[in-house]
file entry.cif (mmCIF, C-alpha atoms)
data_model
loop_
_atom_site.label_atom_id
_atom_site.label_comp_id
_atom_site.auth_asym_id
_atom_site.auth_seq_id
_atom_site.Cartn_x
_atom_site.Cartn_y
_atom_site.Cartn_z
CA MET A 30 -29.62 -8.48 -94.96
CA LYS A 31 -30.85 -10.02 -98.24
CA LYS A 32 -28.10 -12.64 -98.08
CA LYS A 33 -29.26 -13.71 -94.57
CA LEU A 34 -32.83 -14.21 -95.75
CA ARG A 35 -31.64 -16.44 -98.58
CA ASN A 36 -30.11 -18.77 -96.03
CA PRO A 37 -32.54 -21.76 -95.76
CA LYS A 38 -31.94 -22.15 -92.02
CA ILE A 39 -32.88 -18.55 -91.25
CA ALA A 40 -35.89 -18.72 -93.57
CA ALA A 41 -37.05 -21.93 -91.87
CA LEU A 42 -36.59 -20.34 -88.45
CA ILE A 43 -38.66 -17.32 -89.50
CA MET A 44 -41.39 -19.63 -90.81
CA VAL A 45 -41.48 -21.62 -87.55
CA VAL A 46 -41.67 -18.44 -85.47
CA ALA A 47 -44.46 -17.09 -87.69
CA LEU A 48 -46.35 -20.40 -87.45
CA VAL A 49 -46.05 -20.56 -83.65
CA ALA A 50 -47.09 -16.91 -83.32
CA SER A 51 -50.14 -17.40 -85.55
CA LEU A 52 -51.14 -20.53 -83.61
CA PHE A 53 -50.75 -18.67 -80.32
CA ILE A 54 -52.73 -15.65 -81.51
CA GLY A 55 -55.42 -17.76 -83.19
CA LEU A 56 -56.01 -19.92 -80.13
CA ASN A 57 -56.24 -16.91 -77.83
CA VAL A 58 -58.60 -15.00 -80.11
CA GLY A 59 -60.80 -18.07 -80.57
CA PHE A 60 -61.03 -18.91 -76.89
CA TYR A 61 -61.48 -15.27 -75.93
CA SER A 62 -64.39 -15.02 -78.36
CA MET A 63 -66.01 -18.20 -77.04
CA LYS A 64 -65.59 -17.08 -73.44
CA SER A 65 -67.05 -13.65 -74.23
CA ASP A 66 -70.12 -15.35 -75.74
CA ILE A 67 -70.50 -17.46 -72.60
CA ASN A 68 -70.18 -14.39 -70.37
CA ARG A 69 -72.82 -12.52 -72.39
CA THR A 70 -75.14 -15.52 -72.15
CA TYR A 71 -74.56 -15.68 -68.40
CA GLN A 72 -75.38 -12.02 -67.92
CA ALA A 73 -78.53 -12.12 -70.04
CA ARG A 74 -79.87 -15.56 -69.20
CA ILE A 75 -78.66 -16.33 -65.68
CA GLN A 76 -77.70 -13.10 -63.91
CA GLU A 77 -80.83 -11.17 -64.92
CA PRO A 78 -83.24 -13.75 -63.45
CA LEU A 79 -81.08 -13.96 -60.32
CA ASP A 80 -81.33 -10.19 -59.98
CA ALA A 81 -85.12 -10.42 -60.44
CA ARG A 82 -85.28 -13.00 -57.65
CA ILE A 83 -83.23 -10.71 -55.40
CA GLU A 84 -85.59 -7.83 -56.17
CA ALA A 85 -88.69 -9.93 -55.38
CA ALA A 86 -87.09 -11.18 -52.16
CA ASN A 87 -86.22 -7.64 -51.10
CA GLY A 88 -89.83 -6.61 -51.76
CA LEU A 89 -91.02 -9.47 -49.60
CA VAL A 90 -88.61 -8.40 -46.84
CA GLY A 91 -90.16 -4.93 -46.85
CA LEU A 92 -93.65 -6.39 -46.70
CA ALA A 93 -92.67 -8.77 -43.90
CA GLU A 94 -91.16 -6.00 -41.80
CA THR A 95 -94.46 -4.13 -41.80
CA ASN A 96 -96.64 -7.18 -41.18
CA GLY A 97 -95.20 -8.74 -38.04
CA VAL A 98 -93.37 -11.75 -39.49
CA GLN A 99 -90.95 -13.37 -37.04
CA GLU A 100 -87.69 -11.46 -37.12
CA ALA A 101 -85.57 -14.63 -37.31
CA VAL A 102 -87.39 -15.73 -40.49
CA VAL A 103 -87.01 -12.30 -42.10
CA GLN A 104 -83.35 -12.13 -41.07
CA ARG A 105 -82.70 -15.49 -42.74
CA LEU A 106 -84.21 -14.15 -45.98
CA ARG A 107 -82.04 -11.02 -45.74
CA GLU A 108 -78.95 -13.17 -45.22
CA ASP A 109 -79.79 -15.38 -48.19
CA VAL A 110 -80.32 -12.32 -50.39
CA GLU A 111 -76.91 -11.00 -49.34
CA ALA A 112 -75.31 -14.40 -49.92
CA LEU A 113 -76.65 -14.44 -53.49
CA LYS A 114 -75.49 -10.87 -54.10
CA GLU A 115 -71.99 -11.68 -52.82
CA ALA A 116 -71.59 -15.05 -54.54
CA ASP A 117 -68.54 -14.94 -56.82
CA SER A 118 -68.95 -17.98 -59.02
CA PRO A 119 -71.80 -19.68 -60.88
CA SER A 120 -71.80 -22.64 -58.47
CA GLU A 121 -71.91 -20.30 -55.45
CA GLN A 122 -74.76 -18.39 -57.06
CA TYR A 123 -76.59 -21.63 -57.76
CA ASP A 124 -76.26 -22.74 -54.13
CA ALA A 125 -77.24 -19.31 -52.78
CA ASN A 126 -80.25 -19.23 -55.10
CA SER A 127 -81.39 -22.60 -53.74
CA LEU A 128 -81.15 -21.32 -50.17
CA LEU A 129 -82.99 -18.15 -51.15
CA THR A 130 -85.93 -20.23 -52.39
CA GLY A 131 -86.38 -21.83 -48.99
CA SER A 132 -86.17 -18.65 -46.98
CA PHE A 133 -88.42 -16.78 -49.45
CA ASN A 134 -91.08 -19.47 -49.13
CA GLY A 135 -90.79 -19.38 -45.33
CA VAL A 136 -91.53 -15.66 -45.22
CA ALA A 137 -94.26 -15.91 -47.87
CA GLU A 138 -96.02 -18.66 -45.90
CA GLN A 139 -96.09 -16.51 -42.78
CA LEU A 140 -97.53 -13.59 -44.74
CA GLY A 141 -100.34 -15.63 -46.27
CA ASP A 142 -101.92 -15.14 -49.68
CA GLY A 143 -102.40 -11.39 -49.98
CA SER A 144 -102.14 -9.69 -53.35
CA SER A 145 -98.74 -8.16 -52.59
CA VAL A 146 -97.37 -11.53 -51.52
CA SER A 147 -98.81 -13.12 -54.66
CA THR A 148 -97.13 -10.51 -56.85
CA PHE A 149 -93.73 -11.06 -55.24
CA ARG A 150 -94.20 -14.84 -55.37
CA GLU A 151 -95.14 -14.72 -59.08
CA ASP A 152 -92.11 -12.56 -59.90
CA PHE A 153 -89.86 -14.83 -57.85
CA GLU A 154 -91.16 -18.03 -59.46
CA GLU A 155 -91.18 -16.58 -62.99
CA ALA A 156 -87.52 -15.65 -62.62
CA GLN A 157 -86.78 -19.20 -61.42
CA SER A 158 -88.57 -20.59 -64.47
CA ARG A 159 -86.38 -18.46 -66.72
CA LEU A 160 -83.30 -19.70 -64.86
CA GLU A 161 -84.31 -23.31 -65.35
CA LEU A 162 -85.07 -22.67 -69.01
CA TRP A 163 -81.68 -21.13 -69.78
CA GLN A 164 -79.50 -23.08 -67.37
CA THR A 165 -79.27 -26.07 -69.69
CA SER A 166 -78.21 -24.04 -72.73
CA TYR A 167 -75.67 -22.07 -70.69
CA ASN A 168 -74.21 -25.26 -69.24
CA GLN A 169 -74.04 -26.77 -72.75
CA GLN A 170 -72.05 -23.75 -73.93
CA VAL A 171 -69.71 -24.26 -70.99
CA ASP A 172 -69.35 -27.96 -71.82
CA ASP A 173 -68.51 -27.13 -75.44
CA TYR A 174 -65.94 -24.54 -74.39
CA ASN A 175 -64.31 -26.79 -71.80
CA ALA A 176 -64.24 -29.68 -74.31
CA ALA A 177 -62.49 -27.40 -76.80
CA MET A 178 -59.95 -26.57 -74.09
CA ASP A 179 -59.21 -30.30 -73.85
CA THR A 180 -58.87 -30.83 -77.61
CA PHE A 181 -55.46 -31.08 -79.28
CA PRO A 182 -53.33 -28.92 -79.46
CA THR A 183 -54.77 -26.86 -76.63
CA PRO A 184 -53.63 -29.10 -73.73
CA LEU A 185 -50.05 -28.82 -74.99
CA LEU A 186 -50.32 -25.06 -75.26
CA ARG A 187 -52.34 -24.32 -72.15
CA TRP A 188 -49.48 -22.23 -70.78
CA ALA A 189 -49.87 -19.92 -73.79
CA ILE A 190 -53.64 -19.53 -73.62
CA PHE A 191 -54.93 -16.75 -71.42
CA SER A 192 -58.39 -18.28 -70.97
CA GLY A 193 -59.11 -20.89 -68.36
CA SER A 194 -62.01 -23.28 -68.05
CA VAL A 195 -65.49 -21.98 -67.26
CA GLU A 196 -67.70 -23.11 -64.39
CA LYS A 197 -71.24 -24.38 -64.88
CA PHE A 198 -74.30 -22.96 -63.17
CA ARG A 199 -75.20 -25.96 -61.00
#
call {"tool": "encode", "arguments": {"input": "entry.cif", "output": "structure tokens"}}
result
Amino acid sequence: MKKKLRNPKIAALIMVVALVASLFIGLNVGFYSMKSDINRTYQARIQEPLDARIEAANGLVGLAETNGVQEAVVQRLREDVEALKEADSPSEQYDANSLLTGSFNGVAEQLGDGSSVSTFREDFEEAQSRLELWQTSYNQQVDDYNAAMDTFPTPLLRWAIFSGSVEKFR
């Protein structure tokens, strides 16, 4: 065994294998770490306000059901809440959130300016403000990550990296 390791060809082969393995492991660990940071940011800065908007919309649905709002308008709000809950990607959530705004405002207008409506509206709008505040920083993180995925040597080794690109919230 010692004689085989003294052979320069075998030693060079071992070095190349070790170098390729370390590059492979390093790239995967680095991209996994970056993607985990992005996912944590998404949960804390995007998903939480979306959940708050869903909660406010559901509260408004309950209020509308007991105050004679047109069923078609309430049904549209229910559908938009469900669409946001079921959206699988950031872009789908963004689109569903935009639709939810319209249907929420339609129900709120029919209910008028009571204190309960005002509370739900304030919660709904405050959550949207938080979304708008954090959307830019989240999307910048995504841009940085996706740019790193396009930086040498990553494009050549994309087959060996277990992380794919990340979608923006827009």
call {"tool": "closest_residue", "arguments": {"input": "entry.cif", "among": "A:Ala73, A:Ala86, A:Ile67, A:Ala41", "to": "A:Val146", "atoms": "all atoms listed in the file"}}
result
A:Ala86
call {"tool": "closest_residue", "arguments": {"input": "entry.cif", "among": "A:Asn57, A:Gln164, A:Thr148, A:Gln104", "to": "A:Gly135", "atoms": "all atoms listed in the file"}}
result
A:Gln104
call {"tool": "closest_residue", "arguments": {"input": "entry.cif", "among": "A:Gln72, A:Val49, A:Met44, A:Asn87", "to": "A:Val136", "atoms": "all atoms listed in the file"}}
result
A:Asn87
call {"tool": "residues_around", "arguments": {"input": "entry.cif", "residues": "stretch 178-189 of chain A", "least_positions_apart": "5", "cutoff": "8 Å", "atoms": "only C-alpha atoms", "output": "PyMOL selection string"}}
result
chain A and resi 53+56+194
call {"tool": "atom_distance", "arguments": {"input": "entry.cif", "atom1": "atom CA of A:Lys114", "atom2": "atom CA of A:Thr130"}}
result
14.1 Å
